[in-house]
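Visitor: Coordinates in final30.cif, mmCIF, C-alpha atoms, are listed below.
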```cif
data_data
loop_
_atom_site.label_atom_id
_atom_site.label_comp_id
_atom_site.auth_asym_id
_atom_site.auth_seq_id
_atom_site.Cartn_x
_atom_site.Cartn_y
_atom_site.Cartn_z
CA MET A 985 -14.79 46.57 -82.25
CA PRO A 986 -13.62 49.30 -79.91
CA ASP A 987 -16.28 50.60 -77.52
CA ALA A 988 -16.72 53.92 -79.29
CA PRO A 989 -14.75 56.59 -81.14
CA ARG A 990 -12.87 58.84 -78.74
CA THR A 991 -12.32 62.58 -78.53
CA THR A 992 -8.85 64.11 -78.66
CA LYS A 993 -8.73 64.32 -74.86
CA GLN A 994 -9.76 60.68 -74.50
CA ALA A 995 -7.28 59.58 -77.18
CA ALA A 996 -4.45 61.37 -75.35
CA GLU A 997 -5.50 59.71 -72.09
CA TYR A 998 -5.48 56.32 -73.82
CA LEU A 999 -1.94 56.88 -75.08
CA ARG A 1000 -0.76 58.04 -71.69
CA TYR A 1001 -2.25 54.91 -70.10
CA GLN A 1002 -0.30 52.72 -72.55
CA ALA A 1003 2.91 54.49 -71.55
CA GLN A 1004 2.27 54.48 -67.81
CA HIS A 1005 1.41 50.77 -67.79
CA ASN A 1006 4.26 49.83 -70.08
CA ILE A 1007 1.90 48.24 -72.60
CA ARG A 1008 3.92 47.29 -75.67
CA TRP A 1009 2.89 48.08 -79.26
CA SER A 1010 5.79 46.51 -81.08
CA GLN A 1011 5.76 47.83 -84.67
CA LEU A 1012 1.99 48.34 -84.46
CA CYS A 1013 1.93 52.12 -84.93
CA LEU A 1014 -1.30 52.21 -86.89
CA LYS A 1015 -3.11 49.90 -84.51
CA LEU A 1016 -1.99 52.05 -81.58
CA GLN A 1017 -3.25 55.26 -83.19
CA ARG A 1018 -6.58 53.97 -84.38
CA SER A 1019 -7.14 52.24 -81.01
CA ALA A 1020 -6.43 55.53 -79.24
CA ARG A 1021 -9.22 57.05 -81.31
CA GLY A 1022 -11.44 54.01 -80.74
CA LEU A 1023 -11.64 53.21 -84.45
CA PRO A 1024 -11.98 49.85 -86.21
CA GLY A 1025 -9.08 48.39 -88.16
CA VAL A 1026 -9.23 49.10 -91.89
CA TYR A 1027 -5.74 49.53 -93.37
CA PRO A 1028 -2.90 47.18 -92.35
CA SER A 1029 -0.14 49.77 -92.67
CA ALA A 1030 0.57 53.46 -92.20
CA LEU A 1031 1.47 53.51 -95.90
CA SER A 1032 -2.04 52.54 -96.97
CA ALA A 1033 -3.66 54.79 -94.38
CA ALA A 1034 -1.57 57.74 -95.55
CA LEU A 1035 -2.01 57.17 -99.28
CA HIS A 1036 -5.79 57.02 -98.93
CA THR A 1037 -6.19 60.02 -96.65
CA PRO A 1038 -8.33 62.55 -98.58
CA GLU A 1039 -6.30 65.51 -99.79
CA LYS A 1040 -8.63 67.99 -98.09
CA GLU A 1041 -7.91 66.39 -94.71
CA ARG A 1042 -4.12 66.74 -95.04
CA VAL A 1043 -1.94 69.41 -93.46
CA TYR A 1044 1.53 69.72 -94.97
CA LYS A 1045 2.96 72.60 -92.94
CA VAL A 1046 4.32 71.95 -89.46
CA GLU A 1047 2.96 75.30 -88.28
CA ASN A 1048 -0.55 74.17 -89.14
CA LEU A 1049 -0.45 70.93 -87.14
CA ARG A 1050 -3.05 70.76 -84.38
CA ARG A 1051 -3.39 68.82 -81.17
CA GLY A 1052 -5.21 65.55 -81.91
CA MET A 1053 -4.09 65.07 -85.50
CA VAL A 1054 -2.44 61.90 -86.64
CA SER A 1055 0.75 62.52 -88.57
CA TYR A 1056 2.94 60.52 -90.92
CA SER A 1057 6.68 60.30 -91.50
CA ASP A 1058 8.23 58.29 -94.29
CA ARG A 1059 11.23 58.26 -96.60
CA ALA A 1060 10.53 57.03 -100.10
CA GLY A 1061 13.01 54.43 -101.20
CA ASP A 1062 14.29 53.32 -97.79
CA SER A 1063 14.00 49.72 -96.67
CA ASN A 1064 10.70 50.37 -94.86
CA PRO A 1065 8.06 51.24 -97.46
CA TYR A 1066 5.31 51.22 -94.81
CA GLY A 1067 6.11 54.52 -93.08
CA HIS A 1068 5.07 55.50 -89.56
CA VAL A 1069 2.05 57.17 -87.94
CA TYR A 1070 1.88 59.00 -84.58
CA PHE A 1071 -0.24 61.45 -82.57
CA ILE A 1072 0.25 65.22 -82.36
CA ILE A 1073 0.12 66.34 -78.72
CA GLY A 1074 0.78 70.04 -79.28
CA ARG A 1075 3.55 72.61 -78.99
CA LYS A 1076 5.95 73.35 -76.19
CA LYS A 1077 5.96 76.86 -74.83
CA GLY A 1078 8.53 79.17 -76.35
CA TYR A 1079 8.87 77.43 -79.71
CA SER A 1080 7.82 78.94 -83.02
CA PRO A 1081 4.87 77.10 -84.61
CA GLY A 1082 6.94 75.77 -87.51
CA ASN A 1083 9.77 74.37 -85.39
CA PRO A 1084 9.59 70.55 -85.32
CA ASP A 1085 11.66 70.51 -82.12
CA GLY A 1086 8.74 72.15 -80.35
CA VAL A 1087 5.96 69.81 -81.53
CA LEU A 1088 5.43 66.83 -79.20
CA THR A 1089 4.04 63.49 -80.37
CA TRP A 1090 2.88 60.21 -78.84
CA THR A 1091 4.46 57.24 -80.60
CA ASN A 1092 5.55 53.65 -80.19
CA LEU A 1093 9.31 53.33 -80.11
CA SER A 1094 11.82 50.51 -80.34
CA GLY A 1095 10.64 47.53 -78.28
CA GLY A 1096 7.05 48.73 -78.54
CA VAL A 1097 7.39 51.22 -75.70
CA VAL A 1098 4.93 54.12 -75.95
CA GLY A 1099 6.53 57.50 -75.34
CA VAL A 1100 6.64 61.20 -76.10
CA VAL A 1101 9.15 62.54 -78.61
CA PRO A 1102 9.37 65.74 -80.63
CA LEU A 1103 8.37 65.76 -84.28
CA SER A 1104 12.03 66.28 -85.18
CA TYR A 1105 12.88 62.89 -83.63
CA TYR A 1106 11.71 60.91 -86.66
CA MET A 1107 14.08 62.76 -88.99
CA ASN A 1108 16.97 63.13 -86.56
CA SER A 1109 16.90 59.56 -85.20
CA TRP A 1110 15.25 57.49 -87.91
CA GLY A 1111 16.05 59.57 -90.97
CA VAL A 1112 12.41 59.72 -92.05
CA PRO A 1113 10.94 63.13 -92.91
CA PHE A 1114 7.53 64.48 -91.92
CA GLN A 1115 4.91 63.95 -94.63
CA PHE A 1116 1.66 65.44 -93.36
CA GLY A 1117 -0.79 65.61 -90.49
CA ALA A 1118 -4.45 64.72 -90.86
CA THR A 1119 -7.85 64.90 -89.26
CA TRP A 1120 -8.89 61.63 -90.88
CA LEU A 1121 -8.02 57.99 -90.20
CA ASN A 1122 -9.54 54.72 -91.41
CA GLY A 1123 -12.54 56.45 -92.93
CA TYR A 1124 -13.32 58.53 -89.82
CA ASP A 1125 -13.17 62.32 -89.66
CA PHE A 1126 -12.09 64.06 -86.44
CA SER A 1127 -11.71 67.64 -87.61
CA GLU A 1128 -13.83 68.63 -84.61
CA PHE A 1129 -11.19 67.73 -82.03
CA ASP A 1130 -13.38 67.92 -78.96
CA LYS A 1131 -15.91 65.52 -80.44
CA ALA A 1132 -15.65 61.83 -81.24
CA PRO A 1133 -14.60 60.94 -84.81
CA VAL A 1134 -17.47 60.41 -87.22
CA PRO A 1135 -17.53 57.80 -90.00
CA VAL A 1136 -17.57 59.25 -93.50
CA ARG A 1137 -19.48 56.28 -94.92
CA PRO A 1138 -22.70 54.75 -93.57
CA SER A 1139 -21.26 51.43 -92.37
CA LEU A 1140 -17.99 49.70 -91.61
CA SER A 1141 -18.73 47.23 -94.40
CA ASP A 1142 -19.06 50.13 -96.86
CA THR A 1143 -15.88 51.76 -95.51
CA TYR A 1144 -13.97 48.52 -95.85
CA GLN A 1145 -15.14 47.72 -99.37
CA HIS A 1146 -14.24 51.22 -100.55
CA ALA A 1147 -10.84 50.93 -98.86
CA ILE A 1148 -10.15 47.69 -100.73
CA GLU A 1149 -11.12 49.29 -104.04
CA ASP A 1150 -8.93 52.32 -103.27
CA VAL A 1151 -5.91 50.12 -102.56
CA LYS A 1152 -6.48 48.31 -105.87
CA LYS A 1153 -6.50 51.66 -107.69
CA SER A 1154 -3.31 52.74 -105.91
CA ILE A 1155 -1.57 49.52 -106.92
CA LYS A 1156 -2.44 50.16 -110.56
CA PHE A 1157 -1.32 53.80 -110.30
CA HIS A 1158 2.04 52.95 -108.75
CA LYS A 1159 2.59 50.03 -111.13
CA ASP A 1160 2.23 52.44 -114.04
CA LYS A 1161 4.74 54.76 -112.35
CA GLY A 1162 7.22 51.93 -111.77
CA HIS A 1163 7.17 52.29 -107.97
CA ASN A 1164 7.98 48.64 -107.40
CA ASN A 1165 8.61 48.77 -103.63
CA LEU A 1166 5.33 50.56 -103.04
CA VAL A 1167 3.46 48.10 -105.25
CA THR A 1168 4.88 45.14 -103.34
CA ALA A 1169 3.90 46.70 -100.01
CA LEU A 1170 0.41 47.63 -101.20
CA GLU A 1171 -0.15 44.16 -102.63
CA LYS A 1172 0.64 42.69 -99.21
CA ASP A 1173 -1.81 45.10 -97.61
CA LEU A 1174 -4.49 44.24 -100.14
CA GLU A 1175 -4.07 40.53 -99.52
CA ARG A 1176 -4.49 41.06 -95.77
CA MET A 1177 -7.55 43.24 -96.29
CA LYS A 1178 -9.17 40.73 -98.63
CA ASN A 1179 -8.46 37.86 -96.24
CA ARG A 1180 -10.13 39.77 -93.44
CA TRP A 1181 -13.11 40.59 -95.64
CA GLU A 1182 -13.50 36.90 -96.46
CA THR A 1183 -13.62 36.01 -92.77
CA TRP A 1184 -16.53 38.46 -92.40
CA THR A 1185 -18.46 37.23 -95.40
CA ASP A 1186 -17.92 33.48 -95.03
CA MET B 642 -10.51 97.90 -71.09
CA SER B 643 -8.05 95.38 -69.75
CA ASN B 644 -5.45 93.86 -72.04
CA THR B 645 -5.11 90.82 -69.78
CA PRO B 646 -5.54 87.68 -71.89
CA ASP B 647 -8.72 85.80 -71.18
CA GLU B 648 -7.74 82.36 -69.93
CA ASN B 649 -10.52 80.91 -72.08
CA THR B 650 -8.65 81.98 -75.19
CA GLU B 651 -5.47 80.15 -74.18
CA ASP B 652 -3.99 78.24 -77.12
CA ILE B 653 -5.23 74.69 -76.76
CA ASP B 654 -2.33 73.47 -78.87
CA ILE B 655 0.24 74.46 -76.23
CA VAL B 656 1.08 71.37 -74.20
CA SER B 657 0.64 71.50 -70.45
CA ASP B 658 3.67 71.43 -68.16
CA GLU B 659 2.66 67.91 -67.18
CA GLU B 660 2.64 66.79 -70.81
CA ALA B 661 5.95 68.52 -71.51
CA GLU B 662 7.51 66.54 -68.67
CA LEU B 663 6.56 63.30 -70.42
CA GLU B 664 9.01 63.98 -73.24
CA ALA B 665 11.56 61.19 -73.32
CA SER B 666 14.97 62.53 -72.36
CA GLU B 667 16.99 59.95 -74.25
CA PRO B 668 14.69 57.82 -76.40
CA SER B 669 16.14 54.89 -78.30
CA THR B 670 17.25 56.01 -81.73
CA GLU B 671 16.59 52.57 -83.21
CA ASN B 672 13.95 52.53 -85.94
CA PRO B 673 11.81 49.44 -85.19
CA TYR B 674 10.52 49.39 -88.75
CA LEU B 675 13.97 48.68 -90.15
CA ASP B 676 14.18 45.51 -88.06
CA ALA B 677 14.81 42.53 -90.35
CA GLU B 678 11.88 40.73 -88.71
CA PHE B 679 9.41 43.52 -89.45
CA ASP B 680 6.86 42.02 -91.84
CA GLY B 681 4.96 45.18 -92.74
CA VAL B 682 2.09 44.62 -90.33
CA GLN B 683 1.39 47.88 -88.49
CA ASP B 684 -2.19 46.87 -87.71
CA ASP B 685 -3.07 43.20 -87.40
CA LEU B 686 -6.73 44.21 -87.91
CA GLU B 687 -7.79 42.45 -84.75
CA ASP B 688 -9.94 44.49 -82.40
CA ASP B 689 -9.97 42.34 -79.28
CA ASP B 690 -7.54 44.51 -77.34
CA ALA B 691 -8.68 47.88 -78.63
#
```
Would you mind writing the file's structure down as structure tokens?

Guide:
Amino acid sequence: MPDAPRTTKQAAEYLRYQAQHNIRWSQLCLKLQRSARGLPGVYPSALSAALHTPEKERVYKVENLRRGMVSYSDRAGDSNPYGHVYFIIGRKKGYSPGNPDGVLTWTNLSGGVVGVVPLSYYMNSWGVPFQFGATWLNGYDFSEFDKAPVPVRPSLSDTYQHAIEDVKKSIKFHKDKGHNNLVTALEKDLERMKNRWETWTD
Amino acid sequence: MSNTPDENTEDIDIVSDEEAELEASEPSTENPYLDAEFDGVQDDLEDDDA
């Protein structure tokens, strides 16, 4: 378990430390972001974390993104069904609020290097569009940015069991819709989550 | 009454000059999640290094 959930300022400092010390997070975008916030692991992929983010915690307009949010980019139907998650740092001076060139983010890049890129980078370089920002991750709410995230449910065990049930429901939903790539990815996530749960309850 | 902005009302979402300088000038354009070896694990759910 991480020591404790971290405020936005502490999360940004954590990410900067990773960059300055060349600590590599190869393909582990979700682990990087939840570690920055000092949160326990719940979902194995950005896909699962995004799909199960409550609607009321989502922000779909770039102009409404705030410093400290996590944010997701993904392109449905490409060869990576798992998407990507990163941290919203804020806006550069002189840019209009809705301009993705002016929104800076902390992310892990190729080779696991942690760095700062604009929001437009994910579309321009990777071809994956912005989906939404959020003040929620892994069952923790951080809508009060200057305070540590708070768990929505009373215990990690409760959070985890609900997360497993939610992934099961999503698999059924996307099976009915014929979203085969998503179903395959979610089934992998569910297997990993169940395996971890078994190690706790053995 | 002065129209000078109160520094306490400065937009907290505007990045500092120091943060702006961290922006990568020429980041790799390679998408690590399209790597053939990527197995879908974006969190290994281990907390020992968090």

Visitor: Please evaluate the PyMOL selection byres ((chain B) within 8 of (chain A)) against the structure above and give the resulting residues as a ChimeraX atom specification.

Guide: /B:653-656,661,663-665,668-675,679,681-689,691

Visitor: Report, in Å with one decimal, the straight-line distance from CA of Ser1154 in chain A to CA of Pro989 in chain A.

Guide: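 So the answer is 27.6 Å.
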
Visitor: Can you tell me how far CA of Met1107 in chain A sits from CA of Pro1084 in chain A, in Å to one decimal?

Guide: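 Value for the CA of Met1107 in chain A-CA of Pro1084 in chain A distance: 9.7 Å.
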
Visitor: Would you mind listing what lies within 8 Å of range 1149-1152 of chain A as a ChimeraX atom specification, with only C-alpha atoms counted and same-chain residues fewer than 6 positions away left out?

Guide: /A:1032,1036,1170,1174

Visitor: Work out how far CA of Thr1183 in chain A is from CA of Val1054 in chain A, in Å to one decimal.

Guide: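 Answer for the CA of Val1054 in chain A to CA of Thr1183 in chain A separation: 28.9 Å.
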
Visitor: Under the PyMOL selection byres ((chain A and resi 1045) around 10), which residues of this model are included? Write them out as a ChimeraX atom specification.

Guide: /A:1042-1044,1046-1049,1081-1082,1114-1117
